[in-house]
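S.K.: File follows, query_27.csv with CSV, C-alpha atoms:
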```csv
chain,number,residue,atom,x,y,z
P,1,PHE,CA,-47.9,83.7,-53.4
P,2,SER,CA,-44.5,82.2,-53.5
P,3,SER,CA,-43.3,80.7,-50.3
P,4,ALA,CA,-40.3,82.4,-48.8
P,5,GLY,CA,-39.0,79.0,-47.7
P,6,ALA,CA,-39.7,76.4,-45.2
P,7,GLY,CA,-39.7,77.6,-41.7
P,8,ASP,CA,-39.9,81.3,-42.6
P,9,ASN,CA,-42.0,82.2,-39.6
P,10,SER,CA,-39.7,84.9,-38.2
P,11,LEU,CA,-37.8,87.8,-39.6
P,12,SER,CA,-34.1,87.6,-40.3
P,13,LYS,CA,-32.3,89.8,-37.9
P,14,SER,CA,-29.6,90.5,-40.5
P,15,TYR,CA,-32.2,92.0,-42.9
P,16,HIS,CA,-34.7,93.5,-40.5
P,17,GLY,CA,-32.7,94.5,-37.5
P,18,SER,CA,-33.7,93.5,-34.0
P,19,LYS,CA,-37.5,94.1,-34.4
P,20,SER,CA,-39.8,91.1,-33.6
P,21,VAL,CA,-42.7,90.3,-35.9
P,22,GLU,CA,-45.0,91.8,-33.2
P,23,GLU,CA,-43.1,95.1,-33.4
P,24,TRP,CA,-43.3,95.1,-37.2
P,25,HIS,CA,-47.1,94.5,-36.9
P,26,ARG,CA,-47.4,97.7,-34.8
P,27,HIS,CA,-45.3,99.9,-37.1
P,28,VAL,CA,-46.3,98.6,-40.6
P,29,MET,CA,-49.9,98.1,-41.7
P,30,LEU,CA,-50.5,94.7,-43.3
P,31,PHE,CA,-46.9,93.7,-42.6
P,32,PRO,CA,-46.7,90.1,-43.7
P,33,LEU,CA,-48.5,91.0,-47.0
P,34,MET,CA,-46.1,93.9,-47.6
P,35,ARG,CA,-43.1,91.5,-47.1
P,36,GLN,CA,-44.5,89.4,-50.0
P,37,LEU,CA,-45.4,92.4,-52.2
P,38,THR,CA,-41.9,93.7,-52.2
P,39,ARG,CA,-41.0,90.7,-54.2
P,40,CYS,CA,-43.0,91.9,-57.2
P,41,ARG,CA,-40.9,92.5,-60.3
P,42,ASP,CA,-42.4,95.7,-61.5
P,43,THR,CA,-45.5,97.9,-61.1
P,44,ASP,CA,-47.6,95.7,-63.4
P,45,HIS,CA,-46.8,92.6,-61.4
P,46,LEU,CA,-47.6,94.5,-58.2
P,47,HIS,CA,-51.0,95.7,-59.7
P,48,LYS,CA,-51.9,92.1,-60.7
P,49,THR,CA,-50.9,90.8,-57.3
P,50,VAL,CA,-53.0,93.4,-55.5
P,51,LEU,CA,-56.0,92.5,-57.7
P,52,HIS,CA,-55.4,88.8,-56.8
P,53,VAL,CA,-55.3,89.6,-53.1
P,54,PHE,CA,-58.6,91.6,-53.4
P,55,SER,CA,-60.2,88.7,-55.2
P,56,ILE,CA,-59.2,86.4,-52.3
P,57,MET,CA,-60.7,88.9,-49.8
P,58,VAL,CA,-64.0,88.9,-51.8
P,59,THR,CA,-64.2,85.1,-51.8
P,60,ALA,CA,-64.1,85.3,-48.0
P,61,LEU,CA,-67.5,87.1,-47.9
P,62,PRO,CA,-70.2,85.0,-46.2
P,63,GLU,CA,-72.2,82.7,-48.5
P,64,GLY,CA,-75.4,84.6,-48.0
P,65,SER,CA,-74.0,88.0,-48.6
P,66,ASP,CA,-75.8,90.1,-51.3
P,67,LYS,CA,-72.3,91.3,-52.4
P,68,ARG,CA,-71.5,87.9,-53.8
P,69,GLN,CA,-74.0,88.6,-56.6
P,70,LEU,CA,-71.8,91.4,-57.9
P,71,ARG,CA,-68.7,91.0,-60.1
P,72,PRO,CA,-65.6,90.7,-57.9
P,73,PHE,CA,-64.1,94.1,-58.8
P,74,ASP,CA,-67.4,95.9,-58.3
P,75,ILE,CA,-67.6,94.8,-54.7
P,76,ARG,CA,-66.9,97.3,-51.9
P,77,LEU,CA,-65.8,95.9,-48.5
P,78,SER,CA,-66.4,97.3,-45.0
P,79,PHE,CA,-63.7,97.3,-42.4
P,80,GLU,CA,-64.9,94.0,-41.0
P,81,GLU,CA,-65.2,92.3,-44.4
P,82,ALA,CA,-61.7,93.6,-45.4
P,83,ARG,CA,-60.2,92.4,-42.1
P,84,GLY,CA,-61.8,89.0,-42.5
P,85,GLY,CA,-60.8,88.7,-46.1
P,86,LEU,CA,-57.2,89.5,-45.3
P,87,MET,CA,-57.2,86.5,-42.9
P,88,GLU,CA,-57.7,84.3,-46.0
P,89,VAL,CA,-54.6,85.6,-47.8
P,90,PRO,CA,-52.0,82.9,-47.9
P,91,VAL,CA,-49.2,84.6,-45.9
P,92,HIS,CA,-48.0,83.7,-42.5
P,93,PRO,CA,-48.7,85.3,-40.1
P,94,PRO,CA,-52.0,86.6,-41.6
P,95,PRO,CA,-52.0,90.4,-42.3
P,96,MET,CA,-53.9,92.3,-39.7
P,97,LEU,CA,-55.9,95.4,-40.4
P,98,HIS,CA,-56.6,97.5,-37.3
P,99,ARG,CA,-59.4,100.0,-36.9
P,100,PRO,CA,-57.0,103.0,-36.3
P,101,ASP,CA,-55.2,102.2,-39.6
P,102,TRP,CA,-58.6,101.9,-41.4
P,103,GLU,CA,-59.8,105.2,-40.0
P,104,GLN,CA,-56.6,107.1,-40.9
P,105,HIS,CA,-55.7,105.5,-44.2
P,106,VAL,CA,-59.1,104.7,-45.6
P,107,GLU,CA,-61.8,106.9,-44.1
P,108,ARG,CA,-59.8,110.2,-43.5
P,109,ALA,CA,-57.8,109.7,-46.7
P,110,GLY,CA,-61.1,109.7,-48.7
P,111,LEU,CA,-60.8,106.1,-50.0
P,112,ALA,CA,-64.1,104.9,-48.4
P,113,ASP,CA,-67.5,105.7,-49.8
P,114,VAL,CA,-70.4,107.2,-47.8
P,115,ASP,CA,-71.0,103.7,-46.3
P,116,GLY,CA,-67.4,103.4,-45.1
P,117,GLU,CA,-66.5,100.8,-47.7
P,118,ILE,CA,-63.6,100.4,-50.0
P,119,GLY,CA,-63.3,99.1,-53.5
P,120,VAL,CA,-60.4,97.5,-55.4
P,121,GLU,CA,-59.0,100.9,-56.4
P,122,GLY,CA,-59.0,102.1,-52.8
P,123,PHE,CA,-57.5,98.9,-51.6
P,124,GLU,CA,-54.7,99.3,-54.1
P,125,GLU,CA,-54.1,102.8,-52.7
P,126,LEU,CA,-54.1,101.4,-49.2
P,127,VAL,CA,-51.5,98.9,-50.2
P,128,HIS,CA,-49.3,101.6,-51.7
P,129,VAL,CA,-49.4,103.5,-48.3
P,130,ALA,CA,-48.6,100.3,-46.5
P,131,LEU,CA,-45.6,99.6,-48.8
P,132,LYS,CA,-44.3,103.0,-48.1
P,133,GLN,CA,-44.5,102.3,-44.4
P,134,TYR,CA,-42.7,99.0,-44.9
P,135,GLN,CA,-39.9,100.6,-46.9
P,136,MET,CA,-39.5,103.3,-44.3
P,137,HIS,CA,-39.1,100.8,-41.5
P,138,CYS,CA,-36.8,98.3,-43.3
```
Render the structure in this file as structure tokens.

M.R.:
Amino acid sequence: FSSAGAGDNSLSKSYHGSKSVEEWHRHVMLFPLMRQLTRCRDTDHLHKTVLHVFSIMVTALPEGSDKRQLRPFDIRLSFEEARGGLMEVPVHPPPMLHRPDWEQHVERAGLADVDGEIGVEGFEELVHVALKQYQMHC
């Protein structure tokens, strides 16, 4: 990811209004990641960036995990694995995935399999939902 600049730990009030980072986290799923993804040039760039993010999440799986035997884009992640993997994505602050968001936008939306896990296609759909939230709140 490209850096937004040194010292970019807070939101610009002129661009984002008076909301604090904490308020954005409550209203926009995966907020810091969405801030970075809005910089994608086009849909192909966005798609490639989402694949890159998913591959980072996969590399965060524990060393002993049987899933590490699979090809990266064949892997499906549980809520806990996705949440832990997002912590490895190089954005600050780290994007947080909360259980209510997972239940609403993954499980109830039909993105999860019978084991409650999500693959790269489902993650990409989740990102599109989060981007819409971000755009609505900007």

S.K.: To one decimal in Å, tell me the separation between atom CA of Cys40 of chain P and atom CA of Val53 of chain P.

M.R.: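 Straight-line distance from atom CA of Cys40 of chain P to atom CA of Val53 of chain P works out to 13.2 Å.
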
S.K.: Would you kindly return, as a list in words, each protein, DNA or RNA residue with an atom no farther than 10 Å from any atom of His98 of chain P, considering all atoms listed in the file and excluding same-chain residues fewer than 2 positions away?

M.R.: His25, Arg26, Met29, Leu30, Phe79, Glu80, Arg83, Pro95, Met96, Pro100, Asp101, Trp102 and Glu103 of chain P

S.K.: For the selection just defined, write its residues with C-alpha atoms to a file, as a tab-separated table (two decimals), keeping the file's coordinate frame.

M.R.:
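Dumped to selection33.tsv:
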```
chain	number	residue	atom	x	y	z
P	25	HIS	CA	-47.10	94.50	-36.90
P	26	ARG	CA	-47.40	97.70	-34.80
P	29	MET	CA	-49.90	98.10	-41.70
P	30	LEU	CA	-50.50	94.70	-43.30
P	79	PHE	CA	-63.70	97.30	-42.40
P	80	GLU	CA	-64.90	94.00	-41.00
P	83	ARG	CA	-60.20	92.40	-42.10
P	95	PRO	CA	-52.00	90.40	-42.30
P	96	MET	CA	-53.90	92.30	-39.70
P	100	PRO	CA	-57.00	103.00	-36.30
P	101	ASP	CA	-55.20	102.20	-39.60
P	102	TRP	CA	-58.60	101.90	-41.40
P	103	GLU	CA	-59.80	105.20	-40.00
```

S.K.: Identify which of the residues P:Asp113, P:Ser55, P:Cys138, P:Met34 lies closest to Arg68 of chain P, counting only C-alpha atoms when measuring atom-to-atom distances.

M.R.: P:Ser55

S.K.: Using all atoms listed in the file, can you tell me which of P:Asp66, P:Glu88, P:Asp44, P:Glu81 comes closest to Gly116 of chain P?

M.R.: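 Smallest separation from Gly116 of chain P among the options: P:Glu81.
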
S.K.: Which distance in Å separates atom CA of Leu61 of chain P and atom CA of Thr38 of chain P, to one decimal?

M.R.: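 Between atom CA of Leu61 of chain P and atom CA of Thr38 of chain P the gap is 26.8 Å.
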
S.K.: Any idea what the distance is between atom CA of His137 of chain P and atom CA of Pro94 of chain P?

M.R.: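 Computing it gives 19.2 Å between the two atoms.
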
S.K.: Which is closest to Glu125 of chain P among P:His45, P:Leu51, P:Leu86, P:Pro32, if we use all atoms listed in the file?

M.R.: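 Looking at the shortest contact to Glu125 of chain P, the residue is P:Leu51.
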
S.K.: Let me make sure I understand: among P:Leu97, P:Val91, P:Phe31, P:Lys48, which one has the smallest atom-to-atom distance to Gln133 of chain P if we use all atoms listed in the file?

M.R.: P:Phe31

S.K.: Step by step: start from the point (-50.1, 104.2, -47.7) in the file's coordinates, keep every protein, DNA or RNA residue that has an atom no farther than 10 Å from it, count all atoms listed in the file, and write the set as an NGL selection string.

M.R.: :P and (28-29 or 101 or 104-106 or 109 or 123-134)

S.K.: So, with all atoms listed in the file as the atoms that count, which of P:Leu46, P:Gln69, P:Phe54, P:Leu111 lies closest to Gly84 of chain P?

M.R.: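 The shortest atom-to-atom distance to Gly84 of chain P comes from P:Phe54.
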
S.K.: I'd like to know which of P:Leu33, P:Val120, P:Ala82, P:Ala112 is closest to Ala60 of chain P, using all atoms listed in the file.

M.R.: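 The answer is P:Ala82, which sits nearest to Ala60 of chain P.
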